[in-house]
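J.: Structure file protein_34.pdb (PDB, C-alpha atoms and all ligand atoms) right here:
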MODEL        1
ATOM      1  CA  LYS L 228     -51.468  45.919   5.908  1.00  0.00           C
ATOM      2  CA  ARG L 229     -51.265  47.672   2.594  1.00  0.00           C
ATOM      3  CA  ILE L 230     -48.702  47.018  -0.109  1.00  0.00           C
ATOM      4  CA  ALA L 231     -47.753  49.157  -3.114  1.00  0.00           C
ATOM      5  CA  ILE L 232     -45.850  47.515  -5.974  1.00  0.00           C
ATOM      6  CA  PHE L 233     -43.572  49.465  -8.305  1.00  0.00           C
ATOM      7  CA  ALA L 234     -42.754  47.775 -11.615  1.00  0.00           C
ATOM      8  CA  SER L 235     -41.478  48.865 -15.023  1.00  0.00           C
ATOM      9  CA  GLY L 236     -42.174  45.833 -17.185  1.00  0.00           C
ATOM     10  CA  SER L 237     -43.917  42.500 -17.429  1.00  0.00           C
ATOM     11  CA  GLY L 238     -44.634  42.123 -13.756  1.00  0.00           C
ATOM     12  CA  SER L 239     -44.517  38.353 -13.342  1.00  0.00           C
ATOM     13  CA  ASN L 240     -43.358  38.884  -9.744  1.00  0.00           C
ATOM     14  CA  ALA L 241     -46.126  41.430  -9.201  1.00  0.00           C
ATOM     15  CA  GLN L 242     -48.556  38.804 -10.493  1.00  0.00           C
ATOM     16  CA  LYS L 243     -47.419  36.250  -7.910  1.00  0.00           C
ATOM     17  CA  ILE L 244     -47.660  38.826  -5.133  1.00  0.00           C
ATOM     18  CA  MET L 245     -51.159  39.916  -6.181  1.00  0.00           C
ATOM     19  CA  GLU L 246     -52.223  36.246  -6.319  1.00  0.00           C
ATOM     20  CA  HIS L 247     -50.694  35.514  -2.931  1.00  0.00           C
ATOM     21  CA  PHE L 248     -52.517  38.331  -1.132  1.00  0.00           C
ATOM     22  CA  LYS L 249     -55.776  38.203  -3.056  1.00  0.00           C
ATOM     23  CA  TYR L 250     -57.584  36.251  -0.341  1.00  0.00           C
ATOM     24  CA  SER L 251     -55.410  37.269   2.601  1.00  0.00           C
ATOM     25  CA  ASP L 252     -57.105  38.694   5.693  1.00  0.00           C
ATOM     26  CA  ASP L 253     -53.935  40.441   6.798  1.00  0.00           C
ATOM     27  CA  ALA L 254     -52.614  42.246   3.748  1.00  0.00           C
ATOM     28  CA  GLU L 255     -53.556  43.468   0.309  1.00  0.00           C
ATOM     29  CA  VAL L 256     -51.914  44.982  -2.730  1.00  0.00           C
ATOM     30  CA  SER L 257     -53.545  48.407  -2.777  1.00  0.00           C
ATOM     31  CA  LEU L 258     -51.769  50.057  -5.686  1.00  0.00           C
ATOM     32  CA  VAL L 259     -49.449  49.299  -8.592  1.00  0.00           C
ATOM     33  CA  LEU L 260     -47.186  52.095  -9.820  1.00  0.00           C
ATOM     34  CA  SER L 261     -45.122  52.316 -12.969  1.00  0.00           C
ATOM     35  CA  ASN L 262     -42.888  54.698 -14.852  1.00  0.00           C
ATOM     36  CA  ASN L 263     -43.870  52.946 -18.069  1.00  0.00           C
ATOM     37  CA  PRO L 264     -47.371  53.466 -19.495  1.00  0.00           C
ATOM     38  CA  GLU L 265     -46.852  50.412 -21.750  1.00  0.00           C
ATOM     39  CA  ALA L 266     -45.829  48.053 -18.935  1.00  0.00           C
ATOM     40  CA  TYR L 267     -47.767  44.784 -18.955  1.00  0.00           C
ATOM     41  CA  VAL L 268     -47.904  44.949 -15.162  1.00  0.00           C
ATOM     42  CA  LEU L 269     -50.652  47.584 -15.555  1.00  0.00           C
ATOM     43  CA  GLN L 270     -52.814  45.063 -17.390  1.00  0.00           C
ATOM     44  CA  ARG L 271     -52.151  42.531 -14.658  1.00  0.00           C
ATOM     45  CA  ALA L 272     -53.211  45.066 -12.001  1.00  0.00           C
ATOM     46  CA  ASP L 273     -56.425  45.695 -13.960  1.00  0.00           C
ATOM     47  CA  ASN L 274     -57.130  41.970 -14.032  1.00  0.00           C
ATOM     48  CA  PHE L 275     -57.010  41.951 -10.217  1.00  0.00           C
ATOM     49  CA  GLU L 276     -59.033  45.176 -10.107  1.00  0.00           C
ATOM     50  CA  ILE L 277     -56.157  46.846  -8.333  1.00  0.00           C
ATOM     51  CA  PRO L 278     -55.742  50.562  -9.113  1.00  0.00           C
ATOM     52  CA  SER L 279     -52.582  51.779 -10.762  1.00  0.00           C
ATOM     53  CA  HIS L 280     -50.703  55.017 -11.173  1.00  0.00           C
ATOM     54  CA  VAL L 281     -48.255  55.936 -13.931  1.00  0.00           C
ATOM     55  CA  PHE L 282     -45.742  58.721 -13.375  1.00  0.00           C
ATOM     56  CA  ASP L 283     -43.023  60.373 -15.413  1.00  0.00           C
ATOM     57  CA  ARG L 284     -39.569  61.609 -14.423  1.00  0.00           C
ATOM     58  CA  GLN L 285     -40.782  65.083 -13.614  1.00  0.00           C
ATOM     59  CA  GLU L 286     -43.422  63.815 -11.216  1.00  0.00           C
ATOM     60  CA  PHE L 287     -41.205  61.160  -9.606  1.00  0.00           C
ATOM     61  CA  TYR L 288     -38.048  63.188  -9.099  1.00  0.00           C
ATOM     62  CA  HIS L 289     -39.336  66.741  -8.784  1.00  0.00           C
ATOM     63  CA  THR L 290     -42.621  66.519  -6.873  1.00  0.00           C
ATOM     64  CA  ASP L 291     -44.015  64.809  -3.754  1.00  0.00           C
ATOM     65  CA  ASP L 292     -47.013  63.444  -5.674  1.00  0.00           C
ATOM     66  CA  VAL L 293     -46.045  59.798  -5.381  1.00  0.00           C
ATOM     67  CA  VAL L 294     -45.288  60.052  -1.652  1.00  0.00           C
ATOM     68  CA  ASN L 295     -48.596  61.833  -1.136  1.00  0.00           C
ATOM     69  CA  ILE L 296     -50.527  59.145  -2.986  1.00  0.00           C
ATOM     70  CA  LEU L 297     -48.862  56.397  -0.936  1.00  0.00           C
ATOM     71  CA  LYS L 298     -49.533  58.225   2.333  1.00  0.00           C
ATOM     72  CA  ARG L 299     -53.142  58.900   1.420  1.00  0.00           C
ATOM     73  CA  LEU L 300     -53.631  55.168   0.825  1.00  0.00           C
ATOM     74  CA  ASP L 301     -51.901  54.313   4.110  1.00  0.00           C
ATOM     75  CA  ILE L 302     -49.330  52.136   2.373  1.00  0.00           C
ATOM     76  CA  ASP L 303     -47.198  50.137   4.837  1.00  0.00           C
ATOM     77  CA  LEU L 304     -44.703  48.483   2.503  1.00  0.00           C
ATOM     78  CA  ILE L 305     -43.309  49.356  -0.905  1.00  0.00           C
ATOM     79  CA  VAL L 306     -42.291  46.437  -3.062  1.00  0.00           C
ATOM     80  CA  LEU L 307     -40.124  46.974  -6.128  1.00  0.00           C
ATOM     81  CA  ALA L 308     -40.559  44.195  -8.669  1.00  0.00           C
ATOM     82  CA  GLY L 309     -38.586  44.890 -11.818  1.00  0.00           C
ATOM     83  CA  PHE L 310     -38.627  48.629 -11.223  1.00  0.00           C
ATOM     84  CA  LEU L 311     -35.754  50.236 -13.100  1.00  0.00           C
ATOM     85  CA  TRP L 312     -35.560  53.771 -11.712  1.00  0.00           C
ATOM     86  CA  LEU L 313     -33.565  54.840  -8.676  1.00  0.00           C
ATOM     87  CA  VAL L 314     -35.798  55.613  -5.679  1.00  0.00           C
ATOM     88  CA  PRO L 315     -35.600  59.335  -4.828  1.00  0.00           C
ATOM     89  CA  GLU L 316     -34.710  60.651  -1.393  1.00  0.00           C
ATOM     90  CA  ASN L 317     -38.180  61.953  -0.536  1.00  0.00           C
ATOM     91  CA  LEU L 318     -39.583  58.449  -0.927  1.00  0.00           C
ATOM     92  CA  LEU L 319     -36.734  56.805   1.034  1.00  0.00           C
ATOM     93  CA  LYS L 320     -37.285  59.275   3.861  1.00  0.00           C
ATOM     94  CA  ALA L 321     -41.046  58.746   3.886  1.00  0.00           C
ATOM     95  CA  TYR L 322     -40.638  54.941   4.063  1.00  0.00           C
ATOM     96  CA  PRO L 323     -37.456  54.136   6.018  1.00  0.00           C
ATOM     97  CA  ASN L 324     -36.776  50.371   5.917  1.00  0.00           C
ATOM     98  CA  LYS L 325     -40.145  49.908   4.268  1.00  0.00           C
ATOM     99  CA  ILE L 326     -38.980  49.610   0.664  1.00  0.00           C
ATOM    100  CA  ILE L 327     -37.722  46.296  -0.647  1.00  0.00           C
ATOM    101  CA  ASN L 328     -36.412  45.069  -3.993  1.00  0.00           C
ATOM    102  CA  ILE L 329     -35.680  41.777  -5.689  1.00  0.00           C
ATOM    103  CA  HIS L 330     -32.577  41.243  -7.783  1.00  0.00           C
ATOM    104  CA  PRO L 331     -31.916  38.220 -10.003  1.00  0.00           C
ATOM    105  CA  ALA L 332     -28.406  37.486  -8.679  1.00  0.00           C
ATOM    106  CA  LEU L 333     -26.525  36.830  -5.465  1.00  0.00           C
ATOM    107  CA  LEU L 334     -25.702  40.397  -4.437  1.00  0.00           C
ATOM    108  CA  PRO L 335     -23.213  41.961  -4.017  1.00  0.00           C
ATOM    109  CA  LYS L 336     -22.339  40.091  -7.201  1.00  0.00           C
ATOM    110  CA  HIS L 337     -23.820  41.310 -10.471  1.00  0.00           C
ATOM    111  CA  GLY L 338     -25.730  44.334  -9.222  1.00  0.00           C
ATOM    112  CA  GLY L 339     -25.761  48.054  -9.866  1.00  0.00           C
ATOM    113  CA  LYS L 340     -27.102  50.421 -12.457  1.00  0.00           C
ATOM    114  CA  GLY L 341     -27.779  48.759 -15.794  1.00  0.00           C
ATOM    115  CA  MET L 342     -27.543  45.252 -14.325  1.00  0.00           C
ATOM    116  CA  TYR L 343     -30.961  43.817 -15.007  1.00  0.00           C
ATOM    117  CA  GLY L 344     -32.601  41.179 -17.146  1.00  0.00           C
ATOM    118  CA  ASP L 345     -30.414  39.033 -19.402  1.00  0.00           C
ATOM    119  CA  ARG L 346     -27.346  41.140 -18.680  1.00  0.00           C
ATOM    120  CA  VAL L 347     -27.207  39.709 -15.178  1.00  0.00           C
ATOM    121  CA  HIS L 348     -27.374  36.098 -16.335  1.00  0.00           C
ATOM    122  CA  LYS L 349     -24.824  36.703 -19.112  1.00  0.00           C
ATOM    123  CA  ALA L 350     -22.442  38.128 -16.517  1.00  0.00           C
ATOM    124  CA  VAL L 351     -22.906  35.043 -14.334  1.00  0.00           C
ATOM    125  CA  LEU L 352     -22.034  32.718 -17.224  1.00  0.00           C
ATOM    126  CA  ALA L 353     -19.120  34.904 -18.351  1.00  0.00           C
ATOM    127  CA  ALA L 354     -17.692  34.891 -14.816  1.00  0.00           C
ATOM    128  CA  GLY L 355     -18.013  31.102 -14.615  1.00  0.00           C
ATOM    129  CA  ASP L 356     -19.841  31.361 -11.285  1.00  0.00           C
ATOM    130  CA  GLU L 357     -20.502  28.029  -9.617  1.00  0.00           C
ATOM    131  CA  GLU L 358     -23.679  29.258  -8.024  1.00  0.00           C
ATOM    132  CA  HIS L 359     -26.357  31.760  -8.885  1.00  0.00           C
ATOM    133  CA  GLY L 360     -29.587  32.905  -7.305  1.00  0.00           C
ATOM    134  CA  ILE L 361     -31.717  35.790  -6.139  1.00  0.00           C
ATOM    135  CA  THR L 362     -31.549  38.476  -3.475  1.00  0.00           C
ATOM    136  CA  ILE L 363     -34.381  40.278  -1.740  1.00  0.00           C
ATOM    137  CA  HIS L 364     -33.068  43.370   0.023  1.00  0.00           C
ATOM    138  CA  PHE L 365     -33.940  46.696   1.570  1.00  0.00           C
ATOM    139  CA  VAL L 366     -33.626  49.661  -0.763  1.00  0.00           C
ATOM    140  CA  ASN L 367     -31.318  52.574  -0.156  1.00  0.00           C
ATOM    141  CA  GLU L 368     -30.032  55.439  -2.292  1.00  0.00           C
ATOM    142  CA  HIS L 369     -27.831  53.160  -4.407  1.00  0.00           C
ATOM    143  CA  PHE L 370     -28.903  50.504  -6.906  1.00  0.00           C
ATOM    144  CA  ASP L 371     -28.922  47.010  -5.355  1.00  0.00           C
ATOM    145  CA  GLU L 372     -26.997  47.930  -2.192  1.00  0.00           C
ATOM    146  CA  GLY L 373     -29.337  47.795   0.801  1.00  0.00           C
ATOM    147  CA  GLU L 374     -29.200  45.099   3.459  1.00  0.00           C
ATOM    148  CA  ALA L 375     -30.158  41.616   2.269  1.00  0.00           C
ATOM    149  CA  ILE L 376     -33.299  40.029   3.689  1.00  0.00           C
ATOM    150  CA  TYR L 377     -33.252  36.728   1.810  1.00  0.00           C
ATOM    151  CA  GLN L 378     -31.040  34.936  -0.693  1.00  0.00           C
ATOM    152  CA  GLY L 379     -31.975  31.822  -2.634  1.00  0.00           C
ATOM    153  CA  LYS L 380     -29.261  29.863  -4.443  1.00  0.00           C
ATOM    154  CA  PHE L 381     -28.789  27.115  -6.970  1.00  0.00           C
ATOM    155  CA  LYS L 382     -25.754  25.446  -8.512  1.00  0.00           C
ATOM    156  CA  VAL L 383     -24.824  26.399 -12.056  1.00  0.00           C
ATOM    157  CA  GLU L 384     -24.452  23.116 -13.961  1.00  0.00           C
ATOM    158  CA  LYS L 385     -22.198  22.522 -16.948  1.00  0.00           C
ATOM    159  CA  ASP L 386     -25.079  22.293 -19.386  1.00  0.00           C
ATOM    160  CA  ASP L 387     -26.890  25.367 -18.057  1.00  0.00           C
ATOM    161  CA  THR L 388     -27.569  28.176 -20.531  1.00  0.00           C
ATOM    162  CA  LEU L 389     -28.758  31.737 -20.178  1.00  0.00           C
ATOM    163  CA  GLU L 390     -32.326  30.499 -20.584  1.00  0.00           C
ATOM    164  CA  THR L 391     -32.070  27.758 -17.968  1.00  0.00           C
ATOM    165  CA  ILE L 392     -30.415  29.869 -15.270  1.00  0.00           C
ATOM    166  CA  LYS L 393     -32.882  32.656 -15.944  1.00  0.00           C
ATOM    167  CA  PHE L 394     -35.762  30.219 -15.545  1.00  0.00           C
ATOM    168  CA  LYS L 395     -34.369  28.745 -12.320  1.00  0.00           C
ATOM    169  CA  GLY L 396     -33.927  32.248 -10.911  1.00  0.00           C
ATOM    170  CA  GLN L 397     -37.467  33.252 -11.846  1.00  0.00           C
ATOM    171  CA  GLN L 398     -38.879  30.156 -10.151  1.00  0.00           C
ATOM    172  CA  LEU L 399     -37.065  31.124  -6.957  1.00  0.00           C
ATOM    173  CA  GLU L 400     -38.290  34.724  -7.210  1.00  0.00           C
ATOM    174  CA  HIS L 401     -41.905  33.710  -7.716  1.00  0.00           C
ATOM    175  CA  LEU L 402     -41.784  31.245  -4.842  1.00  0.00           C
ATOM    176  CA  HIS L 403     -40.030  33.416  -2.279  1.00  0.00           C
ATOM    177  CA  TYR L 404     -40.948  37.060  -2.877  1.00  0.00           C
ATOM    178  CA  PRO L 405     -44.568  36.723  -1.672  1.00  0.00           C
ATOM    179  CA  LYS L 406     -43.458  34.762   1.414  1.00  0.00           C
ATOM    180  CA  VAL L 407     -40.728  37.229   2.322  1.00  0.00           C
ATOM    181  CA  ILE L 408     -43.249  40.056   2.045  1.00  0.00           C
ATOM    182  CA  GLU L 409     -45.718  38.198   4.236  1.00  0.00           C
ATOM    183  CA  ASN L 410     -43.069  37.546   6.891  1.00  0.00           C
ATOM    184  CA  LEU L 411     -41.906  41.137   6.856  1.00  0.00           C
ATOM    185  CA  LEU L 412     -45.459  42.435   7.279  1.00  0.00           C
ATOM    186  CA  LYS L 413     -45.976  40.179  10.303  1.00  0.00           C
ATOM    187  CA  LYS L 414     -43.321  42.219  12.095  1.00  0.00           C
ATOM    188  CA  TYR L 415     -45.211  45.466  11.557  1.00  0.00           C
ATOM    189  CA  ASN L 416     -47.763  46.597  14.123  1.00  0.00           C
TER     190      ASN L 416
HETATM  191  C1  LIG E 501     -36.909  40.137 -11.994  1.00  0.00           C
HETATM  192  O1  LIG E 501     -35.954  39.236 -12.440  1.00  0.00           O
HETATM  193  C2  LIG E 501     -36.385  40.923 -10.836  1.00  0.00           C
HETATM  194  O2  LIG E 501     -35.432  40.242 -10.078  1.00  0.00           O
HETATM  195  C3  LIG E 501     -35.724  42.095 -11.487  1.00  0.00           C
HETATM  196  O3  LIG E 501     -36.509  42.365 -12.616  1.00  0.00           O
HETATM  197  C4  LIG E 501     -37.199  41.203 -13.035  1.00  0.00           C
HETATM  198  C5  LIG E 501     -38.645  41.544 -13.129  1.00  0.00           C
HETATM  199  O4  LIG E 501     -39.384  40.562 -13.776  1.00  0.00           O
HETATM  200  N1  LIG E 501     -35.557  43.176 -10.550  1.00  0.00           N
HETATM  201  P1  LIG E 501     -40.965  40.651 -13.800  1.00  0.00           P
HETATM  202  O5  LIG E 501     -41.353  41.991 -14.402  1.00  0.00           O
HETATM  203  O6  LIG E 501     -41.443  40.511 -12.377  1.00  0.00           O
HETATM  204  O7  LIG E 501     -41.409  39.525 -14.663  1.00  0.00           O
ENDMDL
END
Before anything else, please render the file you have as structure tokens.
T.:
Amino acid sequence: KRIAIFASGSGSNAQKIMEHFKYSDDAEVSLVLSNNPEAYVLQRADNFEIPSHVFDRQEFYHTDDVVNILKRLDIDLIVLAGFLWLVPENLLKAYPNKIINIHPALLPKHGGKGMYGDRVHKAVLAAGDEEHGITIHFVNEHFDEGEAIYQGKFKVEKDDTLETIKFKGQQLEHLHYPKVIENLLKKYN
């Protein structure tokens, strides 16, 4: 099975996924895509000798280039890992139920456009939430709204700070995203 990862930034989740599948007989990360030519994830892809493709708004929203590249490579699953742009309709249609995302909160709480990075964790603290966590979900035409596949939770303690809840969330992401992907791929023929 062949995986494509979309990421806009550092790509620590992408790193864990590339590590996880590096020696797998069943699946590989075949391509990393980004809207951001400066994204560190591109360096990480290079380190794994995985090809990458950078696109701009014009290409992503007004051409079929990206879909064509994915089809040509026979990509089975699209994994968003810190990818900040909305997925266009042509891509959703080409990969129905084959695009997943990870969000650093317990959706439907603290999701939607502009809710990423520290903003999410600040909102959790401001709301006084007793628990926090991560959601891995299918992608649809709205930010952070598709059906959930997996949620991981932890209790927010009195002495937790933005840094500590962020760290706990990242640990959960890094542990579970590769496994969820592997389990999902097992269901594909
Ligand atoms: C993660 O927290 C993920 O949940 C969110 O963006 C962040 C990406 O981090 N969608 P990284 O680039 O994988 O380090």
J.: List, as a ChimeraX atom specification, every residue that the PyMOL selection byres (((chain L and resi 393) around 12) and not hetatm) selects in the file provided.
T.: /L:330-332,343-352,359-361,381,383,387-392,394-400
J.: Please compute the CA of Asp273 in chain L-CA of Ser239 in chain L distance, one decimal, in Å.
T.: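 Pair CA of Asp273 in chain L / CA of Ser239 in chain L returns 14.0 Å.
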J.: Between L:Asn295, L:Ser261, L:Asn324, L:Asn274, which is the closest to ligand LIG 501 (chain E) once you count all atoms listed in the file?
T.: L:Ser261
J.: Interatomic distance between CA of Val281 in chain L and CA of Phe233 in chain L?
T.: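 One can read the CA of Val281 in chain L to CA of Phe233 in chain L distance as 9.8 Å.
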J.: Around (-42.7, 41.8, -19.4) in the file's own coordinates, what residues are found within 8 Å if you use all atoms listed in the file, given back as a VMD selection string?
T.: chain L and resid 236 to 239 266 to 268
J.: Go ahead and save the residues from that selection, with C-alpha atoms, as a JSON list (two decimals), in the coordinates of the input.
T.:
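Output (result29.json):
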[["chain", "number", "residue", "atom", "x", "y", "z"],
["L", 236, "GLY", "CA", -42.17, 45.83, -17.18],
["L", 237, "SER", "CA", -43.92, 42.50, -17.43],
["L", 238, "GLY", "CA", -44.63, 42.12, -13.76],
["L", 239, "SER", "CA", -44.52, 38.35, -13.34],
["L", 266, "ALA", "CA", -45.83, 48.05, -18.93],
["L", 267, "TYR", "CA", -47.77, 44.78, -18.95],
["L", 268, "VAL", "CA", -47.90, 44.95, -15.16]]
J.: Quick one: of L:Gly341, L:Pro315, L:Gly355, L:Pro264, who's nearest to ligand LIG 501 (chain E), counting only C-alpha atoms and all ligand atoms?
T.: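 Once distances to ligand LIG 501 (chain E) are computed over only C-alpha atoms and all ligand atoms, the minimum belongs to L:Gly341.
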J.: Find the residue from L:Ile244, L:Val256, L:Ala375, L:Leu318 that sits nearest to His401 in chain L; use all atoms listed in the file when measuring.
T.: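 Counting all atoms listed in the file, the residue closest to His401 in chain L is L:Ile244.
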J.: When distances are computed from all atoms listed in the file, which of L:Arg284, L:Lys414, L:Lys385, L:His337 shows the smallest separation from ligand LIG 501 (chain E)?
T.: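 Smallest distance to ligand LIG 501 (chain E) is found for L:His337.
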J.: Write out as a list in words each polymer residue whose atoms come within 12 Å of Asp252 in chain L, counting only C-alpha atoms; drop sequence neighbours fewer than 4 positions from it.
T.: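 Here the answer would be Lys228, Arg229, His247, Phe248, Val256 and Glu409 of chain L.
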J.: Taking all atoms of ligand LIG 501 (chain E) that the file lists, what box with edges along x, y and z, padded by 3 Å per side, do you get, with centre and edge lengths in Å to one decimal, as lines of an AutoDock Vina configuration file?
T.:
center_x = -38.4
center_y = 41.2
center_z = -12.4
size_x = 12.0
size_y = 9.9
size_z = 10.6
J.: Check which residues satisfy the PyMOL selection byres (((chain L and resi 280) around 12) and not hetatm) in the file shown, then give them as an NGL selection string.
T.: :L and (231-235 or 257-264 or 266 or 268-270 or 272-273 or 277-279 or 281-283 or 286-287 or 292-293 or 296-297)
J.: Using all atoms listed in the file, which of the listed residues (L:Leu333, L:Ile230, L:Val314, L:Val294) sits closest to Lys249 in chain L?
T.: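 Result for the nearest residue to Lys249 in chain L: L:Ile230.
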J.: Do a neighbour search on Gly339 in chain L at 6 Å with only C-alpha atoms, toss out local chain neighbours closer than 2 positions, and write the hits as a list in words.
T.: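 What passes the distance filter is Met342, Phe370 and Asp371 of chain L.
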J.: Between CA of Asn367 in chain L and CA of Lys325 in chain L, what distance in Å does the model show, to one decimal?
T.: 10.2 Å
